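Chemist: Supplied in structure tokens, the structure appears directly below.
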Amino acid sequence: AGMPFHAYVKQNIFEPLGMAHSSFDTNWIKEQQNRASGNSVIIPKMPVEIPIIPSGGMYSCAEDMARYICFHLNGGMANSELVMSSETLELMYTIPCAYPGQNLGYALGISAAARNNSLFRNHGGGGFGFLSLMMWYPKYEFGVITLSNSTNHNLQHEIAHALADEIITYKNKILGMTQEAQPTGFPGKSSHRPLPGEPGPNKPAWRQWLGDYRITVFGYPVDKKRIDIKNGYLHY
């Protein structure tokens, strides 16, 4: 594109959508006096620079993220103009290497899941003192955003789903909308879920990954996980 990533996103996404308070530009972010600071009990002072751009590290706000969800719900339109083609949006929603008929899973930065007998799309993230989740139901034409400048909890999913459940209940009861059939997800051989007590394949190659793993951020230990085999399946 001949320009830095943060400039390209600003020109082609943020500005057309009216997301005036969103940026990947670290210098711009540092200049904002009213920005939130990340908080964690593990690391006393979080850095402003988040070294995972472009896979993360975007500073934004609830109003801007609402505009982004509306952009998806409106099929790539914003302010009566086409910002992204339906073909490009469909690429974001297409699950790579999907099984025949699979419509639930992780696509290009967007996950498709099922709840309330309806499909919803979502993406969440966390780290460096922040947690976030955005989700939207195409059928019900609404979305929910949760943003937190603390990683000392795991409420972003609980809050978002609770709000969405209330809205869907209202729409179904008051507005007379009906729920669609449960999305199928993983048909064919991937649809099989082991019954309680049913042994798994217990592949010998898995044993190289068994043991204890320590998760660190900036050299600080933040979590520890053990990977072992239970009933023939990898488990942590």
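Residue numbering restarts at 1 for every chain of the structure tokens, chains are lettered A, B, ... in their displayed order, and ligands are numbered from 1 as they appear.
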Which residues in stretch 48-222 of chain A does DSSP call strand (DSSP E or B)? List them as number ranges by chain.
Modeler: A: 59, 77-78, 81-82, 105-106, 111-115, 118-127, 130-137, 142-148, 211-217, 220-222
Chemist: Please provide as JSON, numbers by chain all residues within 10 Å of stretch 201-217 of chain A, with the sequence filter that same-chain residues fewer than 3 positions apart are discarded (counting only C-alpha atoms).
Modeler: {"A": [42, 43, 127, 128, 220, 221, 222, 223, 224, 225, 226, 227, 228, 229, 230, 231, 232, 233, 234, 235, 236]}
Chemist: Looking at only C-alpha atoms, which of A:Arg35, A:Thr146, A:Phe71, A:Ser22 is the one that sits closest to A:Val83?
Modeler: A:Phe71
Chemist: If we count only C-alpha atoms, what is near stretch 18-20 of chain A at a cut-off of 10 Å, once residues fewer than 5 positions away on the same chain are taken out, given as a PyMOL selection string?
Modeler: chain A and resi 10+13+60-61+63-68+78-79
Chemist: My list of candidates is A:Ala36, A:Met177, A:Trp136, A:Arg121. Which is closest to A:Gly105 when distances are computed with only C-alpha atoms?
Modeler: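 Result for the nearest residue to A:Gly105: A:Arg121.
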Chemist: When you look at A:Tyr59 with a cut-off of 8 Å (counting only C-alpha atoms), what residues show up, excluding the ones that are within fewer than 6 positions of it in the same chain? I need them as a list in words.
Modeler: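 Near neighbours after the sequence-gap exclusion: His21, Ser22, Ser23, Phe24 and Ile29 of chain A.
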Chemist: Next, dump the selected residues to file, keeping only C-alpha atoms, as a PDB file, in the first residue's frame.
Modeler:
```pdb
ATOM      1  CA  HIS A  21     -11.015   8.030  18.654  1.00  0.00           C
ATOM      2  CA  SER A  22      -9.356   4.840  17.376  1.00  0.00           C
ATOM      3  CA  SER A  23      -5.762   4.307  16.299  1.00  0.00           C
ATOM      4  CA  PHE A  24      -2.826   1.925  15.992  1.00  0.00           C
ATOM      5  CA  ILE A  29      -2.116   7.396  21.462  1.00  0.00           C
TER       6      ILE A  29
END
```
Chemist: Identify which of the residues A:Ile53, A:Lys139, A:Ala160, A:Asn149 lies closest to A:Asn122, counting only C-alpha atoms when measuring atom-to-atom distances.
Modeler: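 Ranked by minimum distance to A:Asn122, first place goes to A:Ala160.
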